[in-house]
Every structure is written in C-alpha cells, then in structure tokens.
Amino acid sequence: KHEYLQLTHVFRRGKSIAINDLIRREINFFDLNGKPIKTIKYKLPFNEVESLGDNYLACNIYRGNSKEFSNLNDYSFVILDDETDPVYAFGADNSNHDMILTRVKNLYSFDNHVYCTVNFDNVIYELTKDSAIAKYRLVMSPDLLKEVKFETTEEALEYTSENPFFFGFFTELKDYSVFGLSVPNEG
C-alpha cells in the first residue's frame, strides 16, 4: 500500500510503471502486476518525468528554486541519472514566477523518444541522455517569437492577444503530427 500526495505523472520504463509524486518528491516503480520495485527520491520539484533508457530520467522543473541546485533555477528541464545527480539542464525558463498566465513546460514521450517544449517558445526539442536536439520549429508569423521574457501577466496577455503562439501541446503519430496553436480572435 502506498499513499500519494500529488500524483503528477505516470510513465513506463521497460517492464515497469513509474508514478511521480510532486509533494513527496519521489518516483515509485512497480512491475506490471503492481508489485513495488524501487523508489527514487529527489530534491527539486518535478512535475513531469519521462524515462531516457534504463538509467536516466528527463524531468521538468516545477518552478523550482533550490539553494542546493541553484545552478538549475533558471532552467525548465533537467536530465538525472538514477542516483538523482544532474547530468545536464536545458531550456531557459522564460516566464516570470509571479505571472498568472503561463504555459506548461511540456514533456512528452512518443515511440521511445522524449520531447519537451519550453514556455513561450516555438521549438520542440528531443531529449537524450546527452543532449537536447531541435526536432520541430513552428513558424507562425513574420514576427517570430524570439527569446521573449514576459515580466508581467499584462505583457503576456497583450502578446498572445495579437500574435499566434504554440501552446506546447502536440502529438507525434506514425505519419504526421498534431500541434496545438492559439490564433488571435479565434482561440
């Protein structure tokens, strides 16, 4: 038996199922019959977690400010080994923590590939245990969204009301991909 305080992500790793608990800051692994295998505890708050093979995890940092890992405070994602040691960090967190308007920094797994999108960015990256590689770049207007850092909710609302932008949601299928976009005056 196990109690979860805030289950934020479930993912598969090989022949196991893993459950992330944001409040407890732990990932619990179970075999496919539900028998506990192991628990990994971590210090930074991770909203979503995906497996990068048998020994690495891609994690999105949930508005983390950490004294111990202060070098990661301005990033959106971190790759960890199974000992929860950071291998590398990726994706500037280009939103203000006081803003009420923000887009989730998404982490997705499709067909053994892990992809991420950074808040208010039009690029989708593939994460590996060694690097982040640009997979898609969405061109939606002559004025591309370039290194935007909104300081206030009003700035973000003004931009998004006048410009199309990528929500960060997408699905990669065998023959095509689907992207979630916002179009001004149409939603």
# chains A, B, ... in the order shown; residues from 1 in each chain; ligands from 1
call {"tool": "residues_around", "arguments": {"residues": "Tyr115 of chain A", "least_positions_apart": "5", "cutoff": "12 Å", "atoms": "only C-alpha atoms", "output": "NGL selection string"}}
result
:A and (48-52 or 58-60 or 77 or 90-91 or 105-110 or 123-128 or 131-136 or 168-172)
call {"tool": "closest_residue", "arguments": {"among": "A:Pro45, A:Gly180, A:Pro86, A:Pro164", "to": "Glu26 of chain A", "atoms": "only C-alpha atoms"}}
result
A:Pro45
call {"tool": "atom_distance", "arguments": {"atom1": "atom CA of Asp121 of chain A", "atom2": "atom CA of Asn20 of chain A"}}
result
25.6 Å
call {"tool": "atom_distance", "arguments": {"atom1": "atom CA of Leu32 of chain A", "atom2": "atom CA of Phe46 of chain A"}}
result
23.6 Å
call {"tool": "atom_distance", "arguments": {"atom1": "atom CA of Tyr75 of chain A", "atom2": "atom CA of Ile61 of chain A"}}
result
7.4 Å
call {"tool": "residues_around", "arguments": {"residues": "Leu5 of chain A", "least_positions_apart": "4", "cutoff": "7 Å", "atoms": "only C-alpha atoms", "output": "CSV table (one decimal) with N, CA and C atoms, in the first residue's frame"}}
result
chain,number,residue,atom,x,y,z
A,21,ASP,N,5.4,11.6,-7.6
A,21,ASP,CA,4.6,12.3,-6.5
A,21,ASP,C,5.4,13.6,-6.3
A,23,ILE,N,4.7,16.2,-4.3
A,23,ILE,CA,4.8,16.7,-2.9
A,23,ILE,C,5.8,15.8,-2.2
A,24,ARG,N,5.8,14.5,-2.3
A,24,ARG,CA,6.7,13.7,-1.6
A,24,ARG,C,8.1,13.7,-2.3
call {"tool": "residues_around", "arguments": {"residues": "Glu83 of chain A", "least_positions_apart": "6", "cutoff": "9 Å", "atoms": "only C-alpha atoms", "output": "VMD selection string"}}
result
chain A and resid 40 to 42 55
call {"tool": "write_last_selection", "arguments": {"atoms": "N, CA, C and O atoms", "output": "mmCIF file, in the first residue's frame"}}
result
data_model
loop_
_atom_site.group_PDB
_atom_site.id
_atom_site.type_symbol
_atom_site.label_atom_id
_atom_site.label_comp_id
_atom_site.auth_asym_id
_atom_site.auth_seq_id
_atom_site.Cartn_x
_atom_site.Cartn_y
_atom_site.Cartn_z
ATOM 1 N N ILE A 40 12.735 6.211 -6.047
ATOM 2 C CA ILE A 40 13.810 7.192 -6.209
ATOM 3 C C ILE A 40 13.324 8.493 -5.587
ATOM 4 O O ILE A 40 12.268 8.999 -5.943
ATOM 5 N N LYS A 41 14.091 9.039 -4.652
ATOM 6 C CA LYS A 41 13.754 10.316 -4.041
ATOM 7 C C LYS A 41 14.622 11.403 -4.675
ATOM 8 O O LYS A 41 15.765 11.158 -5.031
ATOM 9 N N TYR A 42 14.066 12.604 -4.812
ATOM 10 C CA TYR A 42 14.794 13.709 -5.418
ATOM 11 C C TYR A 42 14.523 14.986 -4.628
ATOM 12 O O TYR A 42 13.597 15.044 -3.827
ATOM 13 N N ASN A 55 18.739 4.108 -17.180
ATOM 14 C CA ASN A 55 19.437 4.771 -16.078
ATOM 15 C C ASN A 55 19.301 6.284 -16.029
ATOM 16 O O ASN A 55 19.980 6.922 -15.239
#
call {"tool": "decode", "arguments": {"residues": "segment 13-137 of chain A", "atoms": "C-alpha atoms", "output": "tab-separated table (two decimals), in the first residue's frame"}}
result
chain	number	residue	atom	x	y	z
A	13	ARG	CA	10.20	2.32	-18.18
A	14	GLY	CA	10.92	-1.01	-19.79
A	15	LYS	CA	8.75	-3.54	-17.99
A	16	SER	CA	7.82	-1.25	-15.13
A	17	ILE	CA	5.35	1.54	-14.45
A	18	ALA	CA	6.56	4.64	-12.59
A	19	ILE	CA	4.49	7.18	-10.66
A	20	ASN	CA	5.78	10.65	-9.79
A	21	ASP	CA	4.61	12.29	-6.54
A	22	LEU	CA	5.43	16.03	-6.64
A	23	ILE	CA	4.80	16.67	-2.93
A	24	ARG	CA	6.75	13.66	-1.65
A	25	ARG	CA	9.40	14.27	-4.32
A	26	GLU	CA	9.69	10.63	-5.21
A	27	ILE	CA	9.20	8.29	-8.13
A	28	ASN	CA	7.81	4.85	-7.31
A	29	PHE	CA	8.45	1.98	-9.71
A	30	PHE	CA	6.16	-1.05	-9.94
A	31	ASP	CA	6.22	-4.18	-12.06
A	32	LEU	CA	3.35	-4.70	-14.48
A	33	ASN	CA	1.46	-6.64	-11.77
A	34	GLY	CA	1.65	-3.70	-9.34
A	35	LYS	CA	4.41	-5.09	-7.10
A	36	PRO	CA	6.75	-2.33	-5.80
A	37	ILE	CA	10.26	-2.45	-7.28
A	38	LYS	CA	12.02	0.68	-6.02
A	39	THR	CA	11.60	4.33	-5.06
A	40	ILE	CA	13.81	7.19	-6.21
A	41	LYS	CA	13.75	10.32	-4.04
A	42	TYR	CA	14.79	13.71	-5.42
A	43	LYS	CA	15.24	17.25	-4.08
A	44	LEU	CA	13.98	19.59	-6.82
A	45	PRO	CA	10.21	19.60	-7.51
A	46	PHE	CA	9.48	17.76	-10.78
A	47	ASN	CA	6.05	17.99	-12.33
A	48	GLU	CA	6.57	15.55	-15.19
A	49	VAL	CA	9.14	12.79	-15.59
A	50	GLU	CA	9.95	10.53	-18.52
A	51	SER	CA	12.42	7.69	-18.88
A	52	LEU	CA	15.52	8.09	-21.03
A	53	GLY	CA	16.52	4.44	-21.10
A	54	ASP	CA	17.32	2.32	-18.07
A	55	ASN	CA	19.44	4.77	-16.08
A	56	TYR	CA	18.33	8.32	-16.92
A	57	LEU	CA	15.27	10.47	-16.31
A	58	ALA	CA	14.10	13.63	-18.07
A	59	CYS	CA	12.31	15.89	-15.58
A	60	ASN	CA	10.56	19.20	-15.91
A	61	ILE	CA	11.36	21.53	-13.04
A	62	TYR	CA	8.20	22.81	-11.39
A	63	ARG	CA	9.01	26.45	-10.60
A	64	GLY	CA	11.99	25.23	-8.66
A	65	ASN	CA	14.17	27.47	-6.58
A	66	SER	CA	16.76	25.43	-4.82
A	67	LYS	CA	19.73	26.51	-2.76
A	68	GLU	CA	21.47	23.19	-3.29
A	69	PHE	CA	20.81	23.21	-7.06
A	70	SER	CA	20.83	26.98	-7.62
A	71	ASN	CA	22.59	26.42	-10.97
A	72	LEU	CA	19.32	24.85	-12.22
A	73	ASN	CA	16.92	27.57	-11.04
A	74	ASP	CA	16.65	29.25	-14.46
A	75	TYR	CA	16.08	26.06	-16.44
A	76	SER	CA	12.91	24.22	-17.45
A	77	PHE	CA	14.28	20.67	-17.66
A	78	VAL	CA	17.00	18.56	-16.08
A	79	ILE	CA	18.34	15.14	-17.01
A	80	LEU	CA	19.15	12.99	-13.98
A	81	ASP	CA	20.85	9.67	-13.54
A	82	ASP	CA	19.17	7.13	-11.26
A	83	GLU	CA	21.18	8.45	-8.31
A	84	THR	CA	19.35	11.78	-8.94
A	85	ASP	CA	22.58	13.53	-9.90
A	86	PRO	CA	22.03	16.16	-12.63
A	87	VAL	CA	23.67	15.27	-15.96
A	88	TYR	CA	22.64	18.47	-17.74
A	89	ALA	CA	19.94	21.15	-17.66
A	90	PHE	CA	18.07	22.56	-20.64
A	91	GLY	CA	15.59	25.25	-21.67
A	92	ALA	CA	15.59	28.74	-20.27
A	93	ASP	CA	12.59	29.37	-18.04
A	94	ASN	CA	11.43	32.49	-19.88
A	95	SER	CA	8.43	33.31	-17.70
A	96	ASN	CA	8.17	35.27	-14.51
A	97	HIS	CA	7.23	33.16	-11.48
A	98	ASP	CA	4.72	35.80	-10.35
A	99	MET	CA	2.75	35.63	-13.59
A	100	ILE	CA	-0.67	34.05	-13.60
A	101	LEU	CA	-0.52	33.40	-17.35
A	102	THR	CA	1.99	30.78	-18.31
A	103	ARG	CA	2.13	27.68	-20.44
A	104	VAL	CA	3.16	24.36	-19.04
A	105	LYS	CA	6.68	23.34	-19.96
A	106	ASN	CA	5.60	20.09	-21.52
A	107	LEU	CA	7.40	16.76	-21.52
A	108	TYR	CA	6.15	14.01	-23.84
A	109	SER	CA	7.17	10.51	-24.77
A	110	PHE	CA	6.33	9.02	-28.18
A	111	ASP	CA	7.71	5.76	-29.56
A	112	ASN	CA	10.75	5.68	-27.21
A	113	HIS	CA	11.59	9.34	-27.87
A	114	VAL	CA	11.23	12.09	-25.25
A	115	TYR	CA	10.28	15.60	-26.37
A	116	CYS	CA	9.96	18.87	-24.50
A	117	THR	CA	8.68	22.37	-25.13
A	118	VAL	CA	9.85	25.43	-23.26
A	119	ASN	CA	7.34	28.05	-22.10
A	120	PHE	CA	6.52	30.61	-24.85
A	121	ASP	CA	8.90	29.03	-27.36
A	122	ASN	CA	8.05	27.73	-30.85
A	123	VAL	CA	10.56	24.87	-30.90
A	124	ILE	CA	10.08	21.24	-29.87
A	125	TYR	CA	13.24	19.50	-28.67
A	126	GLU	CA	14.08	15.83	-28.40
A	127	LEU	CA	15.90	14.99	-25.18
A	128	THR	CA	18.52	12.27	-24.94
A	129	LYS	CA	20.75	11.32	-22.03
A	130	ASP	CA	23.47	13.50	-23.59
A	131	SER	CA	21.76	16.43	-25.32
A	132	ALA	CA	18.69	18.33	-26.48
A	133	ILE	CA	18.11	18.38	-30.25
A	134	ALA	CA	15.68	20.70	-32.07
A	135	LYS	CA	13.07	18.45	-33.71
A	136	TYR	CA	10.46	20.96	-34.95
A	137	ARG	CA	10.43	24.73	-35.31
